[in-house]
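**Student:** Got a structure for you, written out below as structure tokens; questions coming shortly.
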Amino acid sequence: MALNTGIAQTSVDFKGLAELRRSATVDKKDQETIKQVAAQFESLFTGMMLKSMRQASLAKGILDSSQSDMYRDMSDQQLAMDLSTKGGLGLQSAIIRQLGGQPENQPKSYSADSAGNIDTIKFRPALLQQVMSEAPIQSASQVSEPNELSFDSPKSFVQQLLPIAQKAADKLGVSADVILAQAALETGWGKHIINRADGQSSNNLFNIKADKSWQGEAAATGTIEYRDGIAVREQAKFRSYESYQDSFNDYVDFLQTQPRYQDALKQTDTPEAFIEGLHKAGYATDPAYADKVKKIMNSSTVAQFSQQMKHS
């Protein structure tokens, strides 16, 4: 379910690369499979590149913390997925050639010899400048236009959504903090809300997918899912709403009407047990999903500020 929990850690990435390469060499005549594998290779490579560049920084800023590192990682993962979707680094064609396929177009981002070996990769200066910026990276295709609310910081995200989240929490009998933390993880504090094809925001704060039972509008986008512990890039449709209020309402209805989440709803007295129950029931495929939500929930941004709002 989570859109922003994409690229696996380096130790897992190498396993994923090996699996992807084996799947591509099974049938070299299947051009579509080779194309998909090349895209996944590029996504994994980009994720590792961004992580290495972050680790190579000389020193942390005075405002940096483990929490800011996590949020920056979430943003980097989203960027890696977006670049792979659009072929932004120009690596996919070279990878397709090395896997025995035929690229549709020769990109200008690199040069390759007749054997398909990469000779030179010329990364775009604008991309490098964006990656190394201290400001959170945003994807133009994923960031929504302002709705009735505008989130310019994690604090404003909590401040503006807390009243709506509290009403939803009351219906479920759970703390509003855990709901806000889940929405923060799914959307990168409101910075990566999925857009519809017409460019309008889907207002989907919990990345609930548009399954066969959904009769409303939907928004399609690329997402990272974990299959047998391996990160795989997929296309999926997500529900679209008229407002953030509708997103919270549907979140409540979705949990209450799905049989698989009934055990989680029996543990609402303990927020940690509640989110672990949702994760166990299959809300998200990311192995670390529940831990990430709990980390955000217990952060100063959510815990302290939400308490101030409740007692003001």
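Every chain in the structure tokens has a letter given in the order shown (A, B, ...), and although residue numbers restart at 1 in each chain, ligands are simply numbered from 1 in the order shown.
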What's around Thr257 (chain A) at 12 Å? Count only C-alpha atoms, leave out sequence neighbours fewer than 6 positions away in its own chain, and write the answer as an MDAnalysis selection string.
**Tutor:** chainID A and resid 172 213 250:251 265
**Student:** Would you kindly return, as a list in words, each protein, DNA or RNA residue with an atom no farther than 10 Å from any atom of Lys280 (chain A), considering only C-alpha atoms and excluding same-chain residues fewer than 2 positions away?
**Tutor:**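 Here the qualifying residues turn out to be Arg260, Tyr261, Asp263, Ala264, Phe274, Ile275, Glu276, Gly277, Leu278, Gly282, Tyr283, Ala284, Thr285, Pro287, Tyr289 and Ala290 of chain A.
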**Student:** Please dump the current selection as a PDB file, in the first residue's frame; keep C-alpha atoms.
**Tutor:**
ATOM      1  CA  ARG A 260      -8.826  -8.838   7.352  1.00  0.00           C
ATOM      2  CA  TYR A 261      -8.499  -5.716   9.510  1.00  0.00           C
ATOM      3  CA  ASP A 263      -8.151  -8.119  14.494  1.00  0.00           C
ATOM      4  CA  ALA A 264      -6.285  -4.801  14.230  1.00  0.00           C
ATOM      5  CA  PHE A 274      -2.988  -1.305  15.993  1.00  0.00           C
ATOM      6  CA  ILE A 275      -0.506  -0.361  13.261  1.00  0.00           C
ATOM      7  CA  GLU A 276       1.291  -3.699  13.629  1.00  0.00           C
ATOM      8  CA  GLY A 277      -2.077  -5.404  13.150  1.00  0.00           C
ATOM      9  CA  LEU A 278      -2.773  -3.416   9.974  1.00  0.00           C
ATOM     10  CA  GLY A 282      -1.516  -6.786   4.504  1.00  0.00           C
ATOM     11  CA  TYR A 283      -2.058  -3.018   4.470  1.00  0.00           C
ATOM     12  CA  ALA A 284       1.470  -2.547   3.104  1.00  0.00           C
ATOM     13  CA  THR A 285       4.136  -4.864   1.673  1.00  0.00           C
ATOM     14  CA  PRO A 287       8.675  -5.172   5.736  1.00  0.00           C
ATOM     15  CA  TYR A 289       6.153  -0.338   7.359  1.00  0.00           C
ATOM     16  CA  ALA A 290       4.898  -0.612  10.960  1.00  0.00           C
TER      17      ALA A 290
END
**Student:** So the first atom is CA of Gly190 (chain A) and the second is CA of Val158 (chain A); what is the distance between them in Å, to one decimal place?
**Tutor:** 9.9 Å
**Student:** Go through A:Ala288, A:Leu185, A:Leu149, A:Ile179 one by one, measure the shortest atom-to-atom distance of each to Ser201 (chain A) using only C-alpha atoms, and give the residue with the smallest value.
**Tutor:**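 Of A:Ala288, A:Leu185, A:Leu149, A:Ile179, the one nearest Ser201 (chain A), counting only C-alpha atoms, is A:Leu149.
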**Student:** So how many Å separate CA of Gln40 (chain A) and CA of Lys294 (chain A), to one decimal?
**Tutor:**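 Computing it gives 28.9 Å between the two atoms.
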**Student:** Quick one: everything within 9 Å of Ala183 (chain A), counting only C-alpha atoms, minus sequence neighbours fewer than 3 positions away in the same chain. Send it as an MDAnalysis selection string.
**Tutor:** chainID A and resid 178:180 186:190 205:207 293
**Student:** For the residues selected in the previous step, produce a file with C-alpha atoms as a tab-separated table (two decimals), in the first residue's frame.
**Tutor:**
chain	number	residue	atom	x	y	z
A	178	VAL	CA	-1.11	6.93	14.69
A	179	ILE	CA	-3.47	7.95	11.88
A	180	LEU	CA	-1.51	11.16	11.25
A	186	GLU	CA	2.22	7.47	2.88
A	187	THR	CA	2.46	11.02	1.48
A	188	GLY	CA	5.81	12.33	2.72
A	189	TRP	CA	4.08	14.84	5.02
A	190	GLY	CA	1.68	15.81	2.24
A	205	LEU	CA	-3.73	10.53	2.19
A	206	PHE	CA	-3.50	6.78	2.88
A	207	ASN	CA	-2.74	5.41	-0.61
A	293	VAL	CA	4.85	4.57	11.20
**Student:** Hey, can you check how far CA of Leu162 (chain A) sits from CA of Gln267 (chain A)?
**Tutor:**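 Computing it gives 21.4 Å between the two atoms.
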**Student:** Would you mind listing what lies within 7 Å of Arg233 (chain A) as a short mmCIF file (atom, residue, chain, number, x, y, z; two decimals) with N, CA and C atoms, in the first residue's frame, with only C-alpha atoms counted and same-chain residues fewer than 3 positions away left out?
**Tutor:**
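So selection.cif came out as:
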data_model
loop_
_atom_site.label_atom_id
_atom_site.label_comp_id
_atom_site.auth_asym_id
_atom_site.auth_seq_id
_atom_site.Cartn_x
_atom_site.Cartn_y
_atom_site.Cartn_z
N GLN A 40 13.55 -1.70 -13.56
CA GLN A 40 13.76 -2.03 -12.16
C GLN A 40 15.24 -1.94 -11.80
N GLY A 222 3.17 4.86 -10.66
CA GLY A 222 4.13 3.82 -10.33
C GLY A 222 4.29 3.70 -8.83
N THR A 223 4.52 2.50 -8.35
CA THR A 223 4.69 2.27 -6.92
C THR A 223 5.70 1.16 -6.71
N ILE A 224 6.25 1.09 -5.53
CA ILE A 224 7.19 0.04 -5.17
C ILE A 224 6.51 -0.91 -4.20
N GLU A 225 6.46 -2.17 -4.56
CA GLU A 225 5.91 -3.21 -3.68
C GLU A 225 7.02 -4.23 -3.41
#
**Student:** Could you check which of A:Gln262, A:Gln245, A:Gln182, A:Ser240 is closest to Gln215 (chain A), using only C-alpha atoms?
**Tutor:**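 Nearest candidate to Gln215 (chain A) out of A:Gln262, A:Gln245, A:Gln182, A:Ser240: A:Ser240.
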**Student:** Identify all residues of region 165-271 of chain A in helix (DSSP H, G or I) (DSSP on the backbone) and supply them as a count of residues only.
**Tutor:** 42
**Student:** Just checking: using only C-alpha atoms, which residue out of A:Ala181, A:Val174, A:Ala210, A:Val232 ends up closest to Thr270 (chain A)?
**Tutor:**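 The answer is A:Val174, which sits nearest to Thr270 (chain A).
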